[in-house]
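J.: This one is coords_14.pdb, PDB, C-alpha atoms and all ligand atoms.
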ATOM      1  CA  MET A   1     -14.245   2.981 -27.917
ATOM      2  CA  LEU A   2     -14.452  -0.517 -29.386
ATOM      3  CA  PHE A   3     -15.322  -3.926 -27.929
ATOM      4  CA  ASP A   4     -13.266  -6.797 -29.357
ATOM      5  CA  THR A   5     -15.861  -9.513 -28.727
ATOM      6  CA  HIS A   6     -13.557 -12.419 -29.657
ATOM      7  CA  ALA A   7      -9.778 -12.243 -29.141
ATOM      8  CA  HIS A   8      -7.478 -15.130 -28.200
ATOM      9  CA  MET A   9      -4.973 -13.178 -26.126
ATOM     10  CA  ASP A  10      -3.893 -16.409 -24.383
ATOM     11  CA  ASP A  11      -2.635 -17.755 -27.742
ATOM     12  CA  ARG A  12       1.029 -18.695 -28.046
ATOM     13  CA  ALA A  13       1.401 -16.088 -30.821
ATOM     14  CA  PHE A  14       1.353 -13.399 -28.080
ATOM     15  CA  ASP A  15       3.868 -15.036 -25.736
ATOM     16  CA  SER A  16       6.688 -12.655 -26.651
ATOM     17  CA  ASP A  17       4.835  -9.351 -26.108
ATOM     18  CA  ARG A  18       1.493 -10.098 -24.365
ATOM     19  CA  THR A  19       2.063  -7.783 -21.379
ATOM     20  CA  GLU A  20       3.059  -4.743 -23.476
ATOM     21  CA  LEU A  21       0.262  -5.376 -25.960
ATOM     22  CA  LEU A  22      -2.445  -5.774 -23.292
ATOM     23  CA  SER A  23      -1.277  -2.632 -21.474
ATOM     24  CA  SER A  24      -1.387  -0.618 -24.722
ATOM     25  CA  LEU A  25      -4.859  -1.625 -25.975
ATOM     26  CA  PRO A  26      -7.006   0.796 -23.905
ATOM     27  CA  GLU A  27      -4.958   3.709 -25.343
ATOM     28  CA  LYS A  28      -5.616   2.306 -28.815
ATOM     29  CA  GLY A  29      -9.381   2.525 -28.227
ATOM     30  CA  ILE A  30     -10.137  -1.019 -27.090
ATOM     31  CA  GLY A  31     -12.451  -0.461 -24.135
ATOM     32  CA  LEU A  32     -13.594  -4.057 -23.641
ATOM     33  CA  LEU A  33     -12.334  -7.457 -24.776
ATOM     34  CA  MET A  34     -13.770 -10.980 -24.590
ATOM     35  CA  ASN A  35     -11.177 -13.774 -24.493
ATOM     36  CA  PRO A  36     -12.877 -17.110 -25.208
ATOM     37  CA  GLY A  37     -11.316 -20.411 -24.230
ATOM     38  CA  CYS A  38     -10.434 -23.086 -26.813
ATOM     39  CA  SER A  39      -9.676 -25.939 -24.419
ATOM     40  CA  LEU A  40      -9.586 -26.495 -20.679
ATOM     41  CA  GLU A  41      -6.038 -25.139 -20.503
ATOM     42  CA  SER A  42      -6.843 -22.120 -22.675
ATOM     43  CA  SER A  43     -10.015 -21.461 -20.632
ATOM     44  CA  ARG A  44      -7.976 -21.357 -17.436
ATOM     45  CA  ASN A  45      -5.573 -18.887 -19.068
ATOM     46  CA  ALA A  46      -8.455 -16.747 -20.363
ATOM     47  CA  SER A  47      -9.955 -16.640 -16.870
ATOM     48  CA  HIS A  48      -6.595 -15.630 -15.447
ATOM     49  CA  LEU A  49      -6.204 -12.755 -17.942
ATOM     50  CA  SER A  50      -9.675 -11.455 -17.067
ATOM     51  CA  GLN A  51      -8.663 -11.295 -13.401
ATOM     52  CA  LYS A  52      -5.504  -9.381 -14.275
ATOM     53  CA  TYR A  53      -6.960  -6.714 -16.613
ATOM     54  CA  ASP A  54     -10.071  -4.634 -15.871
ATOM     55  CA  TYR A  55     -11.200  -4.436 -19.499
ATOM     56  CA  ILE A  56     -10.875  -8.175 -20.227
ATOM     57  CA  TYR A  57     -13.721 -10.686 -19.807
ATOM     58  CA  ALA A  58     -13.492 -14.423 -20.399
ATOM     59  CA  ALA A  59     -15.423 -17.442 -21.619
ATOM     60  CA  VAL A  60     -14.750 -21.112 -20.947
ATOM     61  CA  GLY A  61     -15.242 -23.963 -23.360
ATOM     62  CA  SER A  62     -13.695 -26.495 -25.698
ATOM     63  CA  HIS A  63     -13.444 -25.622 -29.413
ATOM     64  CA  PRO A  64     -14.481 -28.344 -31.903
ATOM     65  CA  ASP A  65     -10.728 -29.023 -32.400
ATOM     66  CA  ALA A  66     -10.593 -30.016 -28.703
ATOM     67  CA  ALA A  67     -13.994 -31.734 -28.632
ATOM     68  CA  ASP A  68     -12.392 -35.053 -27.668
ATOM     69  CA  GLU A  69     -11.320 -33.664 -24.269
ATOM     70  CA  VAL A  70     -14.909 -32.903 -23.194
ATOM     71  CA  ASN A  71     -16.102 -35.199 -20.418
ATOM     72  CA  GLY A  72     -17.814 -34.889 -17.042
ATOM     73  CA  GLU A  73     -14.627 -33.825 -15.314
ATOM     74  CA  VAL A  74     -13.857 -31.049 -17.803
ATOM     75  CA  LEU A  75     -17.449 -29.766 -17.602
ATOM     76  CA  GLU A  76     -17.174 -29.740 -13.817
ATOM     77  CA  GLU A  77     -13.967 -27.658 -14.091
ATOM     78  CA  TYR A  78     -15.801 -25.160 -16.334
ATOM     79  CA  ARG A  79     -18.639 -24.998 -13.795
ATOM     80  CA  THR A  80     -16.148 -24.294 -10.997
ATOM     81  CA  LEU A  81     -14.309 -21.603 -12.999
ATOM     82  CA  CYS A  82     -17.658 -19.859 -13.659
ATOM     83  CA  LYS A  83     -18.526 -19.934  -9.970
ATOM     84  CA  LEU A  84     -15.155 -18.567  -8.858
ATOM     85  CA  ASN A  85     -14.750 -15.820 -11.471
ATOM     86  CA  PRO A  86     -17.662 -13.425 -12.098
ATOM     87  CA  LYS A  87     -15.836 -12.077 -15.181
ATOM     88  CA  ILE A  88     -16.550 -15.321 -17.042
ATOM     89  CA  ARG A  89     -19.579 -14.252 -19.098
ATOM     90  CA  ALA A  90     -20.066 -17.005 -21.682
ATOM     91  CA  ILE A  91     -19.505 -20.633 -22.631
ATOM     92  CA  GLY A  92     -17.210 -20.809 -25.654
ATOM     93  CA  GLU A  93     -15.939 -21.209 -28.040
ATOM     94  CA  ILE A  94     -17.924 -24.313 -28.792
ATOM     95  CA  GLY A  95     -19.462 -25.708 -31.947
ATOM     96  CA  LEU A  96     -18.770 -27.698 -35.097
ATOM     97  CA  ASP A  97     -16.002 -27.541 -37.703
ATOM     98  CA  TYR A  98     -16.306 -29.962 -40.612
ATOM     99  CA  HIS A  99     -13.527 -28.318 -42.628
ATOM    100  CA  TYR A 100     -10.901 -30.541 -41.054
ATOM    101  CA  GLU A 101     -12.067 -34.001 -40.104
ATOM    102  CA  ASP A 102      -9.457 -34.598 -37.361
ATOM    103  CA  ILE A 103     -12.173 -35.000 -34.747
ATOM    104  CA  PRO A 104     -15.101 -37.215 -35.869
ATOM    105  CA  ARG A 105     -18.380 -35.355 -36.386
ATOM    106  CA  GLU A 106     -20.218 -37.412 -33.752
ATOM    107  CA  VAL A 107     -17.575 -36.469 -31.148
ATOM    108  CA  GLN A 108     -17.918 -32.784 -32.068
ATOM    109  CA  GLN A 109     -21.708 -32.935 -31.875
ATOM    110  CA  LYS A 110     -21.632 -34.637 -28.479
ATOM    111  CA  ALA A 111     -19.232 -32.003 -27.071
ATOM    112  CA  PHE A 112     -21.295 -29.161 -28.582
ATOM    113  CA  ARG A 113     -24.518 -30.493 -27.046
ATOM    114  CA  ALA A 114     -22.904 -31.053 -23.633
ATOM    115  CA  GLN A 115     -21.583 -27.471 -23.579
ATOM    116  CA  MET A 116     -24.868 -25.967 -24.823
ATOM    117  CA  ALA A 117     -26.482 -27.800 -21.902
ATOM    118  CA  LEU A 118     -23.888 -26.207 -19.594
ATOM    119  CA  ALA A 119     -24.728 -22.729 -20.992
ATOM    120  CA  ARG A 120     -28.407 -23.439 -20.305
ATOM    121  CA  GLU A 121     -27.678 -24.680 -16.789
ATOM    122  CA  LEU A 122     -25.524 -21.641 -15.910
ATOM    123  CA  ASN A 123     -27.755 -19.177 -17.810
ATOM    124  CA  LEU A 124     -24.814 -17.901 -19.874
ATOM    125  CA  PRO A 125     -24.645 -16.993 -23.581
ATOM    126  CA  ALA A 126     -22.768 -19.338 -25.932
ATOM    127  CA  ILE A 127     -19.967 -18.370 -28.334
ATOM    128  CA  VAL A 128     -20.395 -20.652 -31.332
ATOM    129  CA  HIS A 129     -17.783 -21.565 -33.932
ATOM    130  CA  GLU A 130     -19.526 -23.181 -36.891
ATOM    131  CA  ARG A 131     -17.728 -23.894 -40.136
ATOM    132  CA  GLU A 132     -19.077 -25.975 -43.006
ATOM    133  CA  ALA A 133     -21.580 -27.541 -40.613
ATOM    134  CA  HIS A 134     -24.568 -25.240 -41.105
ATOM    135  CA  GLU A 135     -27.276 -27.893 -41.076
ATOM    136  CA  ASP A 136     -26.094 -29.757 -37.964
ATOM    137  CA  GLY A 137     -25.334 -26.430 -36.261
ATOM    138  CA  MET A 138     -28.897 -25.202 -36.802
ATOM    139  CA  ARG A 139     -30.327 -28.487 -35.597
ATOM    140  CA  ILE A 140     -28.410 -28.316 -32.305
ATOM    141  CA  VAL A 141     -29.267 -24.618 -31.794
ATOM    142  CA  GLU A 142     -32.935 -25.569 -32.188
ATOM    143  CA  GLU A 143     -32.582 -28.222 -29.483
ATOM    144  CA  PHE A 144     -31.645 -25.494 -26.972
ATOM    145  CA  PRO A 145     -34.207 -22.701 -27.402
ATOM    146  CA  GLU A 146     -33.268 -21.224 -23.998
ATOM    147  CA  VAL A 147     -29.670 -20.625 -25.096
ATOM    148  CA  THR A 148     -28.623 -17.657 -27.239
ATOM    149  CA  GLY A 149     -25.269 -15.973 -27.809
ATOM    150  CA  VAL A 150     -23.124 -15.242 -30.832
ATOM    151  CA  PHE A 151     -22.193 -17.045 -34.039
ATOM    152  CA  HIS A 152     -18.641 -15.776 -34.306
ATOM    153  CA  CYS A 153     -16.600 -15.318 -37.512
ATOM    154  CA  TYR A 154     -19.864 -15.771 -39.337
ATOM    155  CA  SER A 155     -19.640 -17.748 -42.578
ATOM    156  CA  GLY A 156     -23.251 -18.688 -43.282
ATOM    157  CA  SER A 157     -25.894 -17.213 -45.576
ATOM    158  CA  ALA A 158     -27.972 -14.078 -44.982
ATOM    159  CA  GLU A 159     -30.992 -16.353 -44.678
ATOM    160  CA  MET A 160     -29.405 -18.382 -41.886
ATOM    161  CA  ALA A 161     -28.286 -15.165 -40.120
ATOM    162  CA  LYS A 162     -31.887 -13.925 -40.150
ATOM    163  CA  TRP A 163     -33.017 -17.281 -38.755
ATOM    164  CA  LEU A 164     -30.490 -16.933 -35.909
ATOM    165  CA  VAL A 165     -31.360 -13.277 -35.213
ATOM    166  CA  ALA A 166     -35.049 -14.215 -34.967
ATOM    167  CA  ARG A 167     -34.056 -16.693 -32.243
ATOM    168  CA  GLY A 168     -32.171 -14.038 -30.279
ATOM    169  CA  TRP A 169     -28.622 -14.646 -31.527
ATOM    170  CA  TYR A 170     -25.923 -12.115 -32.435
ATOM    171  CA  ILE A 171     -23.651 -12.339 -35.493
ATOM    172  CA  GLY A 172     -19.890 -11.688 -35.174
ATOM    173  CA  PHE A 173     -17.801 -10.298 -38.041
ATOM    174  CA  THR A 174     -14.016 -10.509 -38.344
ATOM    175  CA  GLY A 175     -11.454  -9.062 -40.751
ATOM    176  CA  VAL A 176     -13.050 -11.220 -43.475
ATOM    177  CA  LEU A 177     -15.456  -8.294 -43.897
ATOM    178  CA  THR A 178     -12.568  -6.206 -45.313
ATOM    179  CA  PHE A 179     -11.391  -8.812 -47.841
ATOM    180  CA  LYS A 180     -11.886  -8.002 -51.520
ATOM    181  CA  ASN A 181     -13.738 -11.298 -52.110
ATOM    182  CA  ALA A 182     -15.994 -10.928 -49.035
ATOM    183  CA  ARG A 183     -19.221 -10.655 -50.988
ATOM    184  CA  LYS A 184     -21.149 -13.043 -48.724
ATOM    185  CA  ALA A 185     -20.077 -11.503 -45.376
ATOM    186  CA  VAL A 186     -20.822  -8.006 -46.706
ATOM    187  CA  GLU A 187     -24.279  -9.114 -47.847
ATOM    188  CA  VAL A 188     -25.042 -10.491 -44.369
ATOM    189  CA  ALA A 189     -23.682  -7.375 -42.614
ATOM    190  CA  ALA A 190     -25.883  -5.202 -44.853
ATOM    191  CA  SER A 191     -29.082  -7.136 -44.312
ATOM    192  CA  ILE A 192     -29.449  -8.023 -40.617
ATOM    193  CA  PRO A 193     -30.497  -5.595 -37.837
ATOM    194  CA  LEU A 194     -27.551  -3.461 -36.739
ATOM    195  CA  GLU A 195     -28.485  -4.149 -33.087
ATOM    196  CA  ARG A 196     -27.386  -7.781 -33.552
ATOM    197  CA  ILE A 197     -23.952  -7.174 -35.055
ATOM    198  CA  VAL A 198     -20.749  -7.450 -33.012
ATOM    199  CA  LEU A 199     -17.177  -6.914 -34.171
ATOM    200  CA  GLU A 200     -14.243  -9.158 -33.385
ATOM    201  CA  THR A 201     -10.663  -9.763 -34.451
ATOM    202  CA  ASP A 202     -10.486 -13.536 -33.693
ATOM    203  CA  CYS A 203      -6.800 -12.677 -33.285
ATOM    204  CA  PRO A 204      -4.126 -13.899 -33.808
ATOM    205  CA  TYR A 205      -5.997 -15.112 -36.933
ATOM    206  CA  MET A 206      -8.058 -13.324 -39.619
ATOM    207  CA  SER A 207      -6.112 -10.054 -39.984
ATOM    208  CA  PRO A 208      -8.115  -7.403 -41.837
ATOM    209  CA  GLU A 209      -6.887  -5.636 -44.963
ATOM    210  CA  PRO A 210      -4.272  -4.145 -45.301
ATOM    211  CA  PHE A 211      -2.659  -6.429 -42.695
ATOM    212  CA  ARG A 212      -3.737  -9.735 -44.270
ATOM    213  CA  GLY A 213      -1.234 -12.545 -43.619
ATOM    214  CA  LYS A 214       0.296 -10.801 -40.577
ATOM    215  CA  ARG A 215      -0.452 -11.571 -36.935
ATOM    216  CA  ASN A 216      -3.757  -9.995 -35.969
ATOM    217  CA  ASP A 217      -4.345  -8.120 -32.707
ATOM    218  CA  PRO A 218      -7.211  -6.051 -31.190
ATOM    219  CA  GLY A 219      -5.489  -2.812 -32.284
ATOM    220  CA  LYS A 220      -6.650  -3.655 -35.822
ATOM    221  CA  LEU A 221     -10.374  -3.861 -34.986
ATOM    222  CA  TYR A 222     -10.897  -0.267 -36.184
ATOM    223  CA  ARG A 223     -10.692  -1.619 -39.756
ATOM    224  CA  MET A 224     -13.816  -3.765 -39.237
ATOM    225  CA  ALA A 225     -15.651  -0.737 -37.804
ATOM    226  CA  GLU A 226     -14.646   1.394 -40.817
ATOM    227  CA  LYS A 227     -15.886  -1.280 -43.210
ATOM    228  CA  LEU A 228     -19.192  -1.749 -41.371
ATOM    229  CA  ALA A 229     -19.718   2.045 -41.365
ATOM    230  CA  GLU A 230     -19.235   2.018 -45.145
ATOM    231  CA  ILE A 231     -21.640  -0.928 -45.615
ATOM    232  CA  ARG A 232     -24.369   0.615 -43.448
ATOM    233  CA  GLY A 233     -23.856   4.231 -44.487
ATOM    234  CA  LEU A 234     -23.204   5.436 -40.949
ATOM    235  CA  SER A 235     -20.337   7.311 -39.293
ATOM    236  CA  VAL A 236     -17.493   5.342 -37.724
ATOM    237  CA  ASP A 237     -18.427   6.903 -34.347
ATOM    238  CA  GLU A 238     -21.984   5.580 -34.653
ATOM    239  CA  ILE A 239     -20.664   2.097 -35.435
ATOM    240  CA  HIS A 240     -18.311   2.241 -32.424
ATOM    241  CA  ARG A 241     -21.177   3.274 -30.147
ATOM    242  CA  ILE A 242     -23.702   0.736 -31.467
ATOM    243  CA  THR A 243     -21.381  -2.299 -31.612
ATOM    244  CA  LEU A 244     -20.056  -1.523 -28.123
ATOM    245  CA  GLU A 245     -23.628  -1.485 -26.778
ATOM    246  CA  ASN A 246     -24.379  -4.718 -28.657
ATOM    247  CA  GLY A 247     -21.353  -6.479 -27.170
ATOM    248  CA  LYS A 248     -22.268  -5.339 -23.668
ATOM    249  CA  ARG A 249     -25.841  -6.577 -24.117
ATOM    250  CA  LEU A 250     -24.610  -9.901 -25.540
ATOM    251  CA  TYR A 251     -22.239 -10.620 -22.648
ATOM    252  CA  ARG A 252     -24.383  -8.835 -20.017
ATOM    253  CA  ILE A 253     -21.670  -6.352 -19.011
TER     254      ILE A 253
HETATM  255 NI    NI B 301     -11.848 -18.049 -32.022
END
Using structure tokens, write down the structure from this file.
T.:
Amino acid sequence: MLFDTHAHMDDRAFDSDRTELLSSLPEKGIGLLMNPGCSLESSRNASHLSQKYDYIYAAVGSHPDAADEVNGEVLEEYRTLCKLNPKIRAIGEIGLDYHYEDIPREVQQKAFRAQMALARELNLPAIVHEREAHEDGMRIVEEFPEVTGVFHCYSGSAEMAKWLVARGWYIGFTGVLTFKNARKAVEVAASIPLERIVLETDCPYMSPEPFRGKRNDPGKLYRMAEKLAEIRGLSVDEIHRITLENGKRLYRI
């Protein structure tokens, strides 16, 4: 049984077959799934899916791409959703993305800090998206020592991963791990404690090999488990068992 710790099942890419897909996943070995929110609207949809399917849990938060929507009213909505739905187990995905500069960095940082403060207030883990913003990301993490969670779709160095693990964070790996040029991700996955590694699809994006370029879905998570088993020299069953336990510990399930 696998835990897809980061899957955007509310994404438009699943509009045509969401119901069939979600009904089929437990048979395909997906025992648990975390659907993070990307915006207020997406967070509401994630919460709704978690109420409809036993194996789905949700998180609420505004992605750096939606950082400009974060204000007192939106934060209050997130607070209310968390109070009403016990299956909301994290604040996310939140963070910084300096790859595209559509949203100014200061706006992203302000939204990230406000949502880290919400995670602290509600005593929930945070799901962090951090791309090409390592230094500012670390600085903000350090400002909130009470908050831990997961750095998803991890793209930093092994050194930074060890720094995060020492502060209680988990590291999430996607299909990138299976790419031929994934030297850096493989190095990180080989060098941090196995107890802090979680697997995710980040679907509909980041399809693993040999599905690269196609729509991703949780049914493809077995490829990440196979690759991690190879990297760590363990059986696929061991990797399933350990990463499932890690995901449950991370999201307190
Ligand atoms: Ni995501």
J.: Please provide the set of residues having any atom within 12 Å of A:Tyr222, restricted to all atoms listed in the file, with same-chain residues fewer than 4 positions apart removed, written as a CSV table (one decimal) with C-alpha atoms, in the coordinates of the input.
T.:
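In the end it all went to part.csv:
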chain,number,residue,atom,x,y,z
A,1,MET,CA,-14.2,3.0,-27.9
A,2,LEU,CA,-14.5,-0.5,-29.4
A,3,PHE,CA,-15.3,-3.9,-27.9
A,4,ASP,CA,-13.3,-6.8,-29.4
A,25,LEU,CA,-4.9,-1.6,-26.0
A,28,LYS,CA,-5.6,2.3,-28.8
A,29,GLY,CA,-9.4,2.5,-28.2
A,30,ILE,CA,-10.1,-1.0,-27.1
A,174,THR,CA,-14.0,-10.5,-38.3
A,175,GLY,CA,-11.5,-9.1,-40.8
A,178,THR,CA,-12.6,-6.2,-45.3
A,199,LEU,CA,-17.2,-6.9,-34.2
A,200,GLU,CA,-14.2,-9.2,-33.4
A,201,THR,CA,-10.7,-9.8,-34.5
A,207,SER,CA,-6.1,-10.1,-40.0
A,208,PRO,CA,-8.1,-7.4,-41.8
A,209,GLU,CA,-6.9,-5.6,-45.0
A,210,PRO,CA,-4.3,-4.1,-45.3
A,217,ASP,CA,-4.3,-8.1,-32.7
A,218,PRO,CA,-7.2,-6.1,-31.2
A,226,GLU,CA,-14.6,1.4,-40.8
A,227,LYS,CA,-15.9,-1.3,-43.2
A,228,LEU,CA,-19.2,-1.7,-41.4
A,229,ALA,CA,-19.7,2.0,-41.4
A,236,VAL,CA,-17.5,5.3,-37.7
A,237,ASP,CA,-18.4,6.9,-34.3
A,239,ILE,CA,-20.7,2.1,-35.4
A,240,HIS,CA,-18.3,2.2,-32.4
A,243,THR,CA,-21.4,-2.3,-31.6
J.: Put a box with edges along x, y and z around all the listed atoms of stretch 114-133 of chain A, pad it by 4 Å on each side, then give me its centre and sizes in Å, one decimal, as lines of an AutoDock Vina configuration file.
T.:
center_x = -23.1
center_y = -24.0
center_z = -29.5
size_x = 18.7
size_y = 22.1
size_z = 35.1
J.: Please, which residues have at least one atom within 12 Å of an atom of ligand NI 301 (chain B), using only C-alpha atoms and all ligand atoms, listed as a ChimeraX atom specification?
T.: /A:4-11,34-39,42,59-65,92-95,97,127-131,150-154,172-174,200-206
J.: Work out how far atom CA of A:Ala133 is from atom CA of A:Asp68, in Å to one decimal.
T.: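 These two atoms are separated by 17.6 Å.
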J.: Please indicate the distance in Å from atom CA of A:Tyr53 to atom CA of A:Asp15, rounded to one decimal place.
T.: 16.4 Å
J.: Mind giving me the straight-line distance from atom CA of A:Thr148 to atom CA of A:Leu124 in Å, one decimal?
T.: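 Those two atoms sit 8.3 Å apart.
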J.: Skip A:Leu118 itself and residues of its chain fewer than 2 positions away, then list as a PyMOL selection string all residues within 10 Å of it, counting only C-alpha atoms.
T.: chain A and resi 61+75-76+78-79+91+112-116+120-124+126+147
J.: Selection in question (the file shown): the PyMOL selection byres (((chain A and resi 159) around 12) and not hetatm). Which residues does it include, as number ranges by chain?
T.: A: 134, 155-158, 160-166, 184-185, 187-189, 191-192
J.: For A:Arg12, which of A:Ala90, A:Asn85, A:Arg232, A:Arg215 is the closest residue, counting all atoms listed in the file?
T.: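 Answer, going by the shortest atom-to-atom distance: A:Arg215.
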J.: So what does the PyMOL selection byres (((chain A and resi 88) around 7) and not hetatm) actually pick up in this one, as an MDAnalysis selection string?
T.: chainID A and resid 47 57:59 82 85:87 89:90
J.: The selected residues should be written to file as a PDB file, keeping the file's coordinate frame (atoms: C-alpha atoms).
T.:
ATOM      1  CA  SER A  47      -9.955 -16.640 -16.870  1.00  0.00           C
ATOM      2  CA  TYR A  57     -13.721 -10.686 -19.807  1.00  0.00           C
ATOM      3  CA  ALA A  58     -13.492 -14.423 -20.399  1.00  0.00           C
ATOM      4  CA  ALA A  59     -15.423 -17.442 -21.619  1.00  0.00           C
ATOM      5  CA  CYS A  82     -17.658 -19.859 -13.659  1.00  0.00           C
ATOM      6  CA  ASN A  85     -14.750 -15.820 -11.471  1.00  0.00           C
ATOM      7  CA  PRO A  86     -17.662 -13.425 -12.098  1.00  0.00           C
ATOM      8  CA  LYS A  87     -15.836 -12.077 -15.181  1.00  0.00           C
ATOM      9  CA  ARG A  89     -19.579 -14.252 -19.098  1.00  0.00           C
ATOM     10  CA  ALA A  90     -20.066 -17.005 -21.682  1.00  0.00           C
TER      11      ALA A  90
END
J.: Need to verify the contact set: A:Leu250, 9 Å, all atoms listed in the file, exclusion of same-chain residues closer than 5 positions in sequence. Can you return it as an mmCIF file with C-alpha atoms, keeping the file's coordinate frame?
T.:
data_model
loop_
_atom_site.group_PDB
_atom_site.id
_atom_site.type_symbol
_atom_site.label_atom_id
_atom_site.label_comp_id
_atom_site.auth_asym_id
_atom_site.auth_seq_id
_atom_site.Cartn_x
_atom_site.Cartn_y
_atom_site.Cartn_z
ATOM 1 C CA PRO A 125 -24.645 -16.993 -23.581
ATOM 2 C CA THR A 148 -28.623 -17.657 -27.239
ATOM 3 C CA GLY A 149 -25.269 -15.973 -27.809
ATOM 4 C CA VAL A 150 -23.124 -15.242 -30.832
ATOM 5 C CA TRP A 169 -28.622 -14.646 -31.527
ATOM 6 C CA TYR A 170 -25.923 -12.115 -32.435
ATOM 7 C CA ARG A 196 -27.386 -7.781 -33.552
ATOM 8 C CA VAL A 198 -20.749 -7.450 -33.012
ATOM 9 C CA GLU A 245 -23.628 -1.485 -26.778
#
J.: Would you translate the PyMOL selection byres (((chain A and resi 106) around 12) and not hetatm) into the concrete set of residues it matches in this file, as number ranges by chain?
T.: A: 64, 67-68, 95-98, 101-105, 107-113, 136
J.: Nearest residue to A:Ala119 out of A:Val70, A:Gly137, A:Glu146, A:Asn216, using all atoms listed in the file?
T.: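 Closest to A:Ala119, using all atoms listed in the file: A:Glu146.
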J.: Between A:Glu132, A:Tyr251, A:Glu73, A:Gly219, single out the one closest to A:Leu21, counting all atoms listed in the file.
T.: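 Between A:Glu132, A:Tyr251, A:Glu73, A:Gly219, the residue approaching A:Leu21 most closely is A:Gly219.
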J.: Could you extract stretch 157-170 of chain A of the given structure into a file holding N, CA, C and O atoms, as a CSV table (one decimal), in the first residue's frame?
T.:
chain,number,residue,atom,x,y,z
A,157,SER,N,19.8,21.1,-2.3
A,157,SER,CA,21.0,20.3,-2.1
A,157,SER,C,20.8,19.3,-1.0
A,157,SER,O,19.9,19.4,-0.2
A,158,ALA,N,21.7,18.3,-0.9
A,158,ALA,CA,21.7,17.3,0.1
A,158,ALA,C,22.0,18.0,1.5
A,158,ALA,O,21.4,17.7,2.5
A,159,GLU,N,22.8,19.0,1.4
A,159,GLU,CA,23.2,19.8,2.6
A,159,GLU,C,22.0,20.5,3.2
A,159,GLU,O,21.7,20.4,4.4
A,160,MET,N,21.2,21.1,2.3
A,160,MET,CA,20.0,21.8,2.8
A,160,MET,C,18.9,20.8,3.3
A,160,MET,O,18.3,21.0,4.3
A,161,ALA,N,18.8,19.6,2.7
A,161,ALA,CA,17.9,18.6,3.1
A,161,ALA,C,18.3,18.1,4.5
A,161,ALA,O,17.4,18.0,5.4
A,162,LYS,N,19.6,18.0,4.8
A,162,LYS,CA,20.0,17.6,6.1
A,162,LYS,C,19.7,18.6,7.1
A,162,LYS,O,19.3,18.3,8.3
A,163,TRP,N,19.8,19.9,6.7
A,163,TRP,CA,19.5,21.0,7.6
A,163,TRP,C,18.0,21.0,8.0
A,163,TRP,O,17.6,21.2,9.1
A,164,LEU,N,17.2,20.7,7.0
A,164,LEU,CA,15.7,20.6,7.2
A,164,LEU,C,15.4,19.4,8.1
A,164,LEU,O,14.6,19.5,9.0
A,165,VAL,N,16.0,18.3,7.8
A,165,VAL,CA,15.7,17.0,8.6
A,165,VAL,C,16.1,17.3,10.0
A,165,VAL,O,15.3,16.9,10.9
A,166,ALA,N,17.2,18.0,10.3
A,166,ALA,CA,17.6,18.2,11.7
A,166,ALA,C,16.6,19.1,12.4
A,166,ALA,O,16.5,19.1,13.6
A,167,ARG,N,15.8,19.9,11.6
A,167,ARG,CA,14.8,20.7,12.2
A,167,ARG,C,13.4,20.1,12.3
A,167,ARG,O,12.4,20.7,12.5
A,168,GLY,N,13.4,18.8,11.9
A,168,GLY,CA,12.1,18.0,12.0
A,168,GLY,C,11.3,17.9,10.7
A,168,GLY,O,10.2,17.4,10.8
A,169,TRP,N,11.9,18.4,9.6
A,169,TRP,CA,11.1,18.4,8.4
A,169,TRP,C,11.3,17.0,7.6
A,169,TRP,O,12.2,16.3,7.8
A,170,TYR,N,10.3,16.8,6.7
A,170,TYR,CA,10.3,15.6,5.8
A,170,TYR,C,10.6,16.2,4.4
A,170,TYR,O,10.4,17.4,4.1
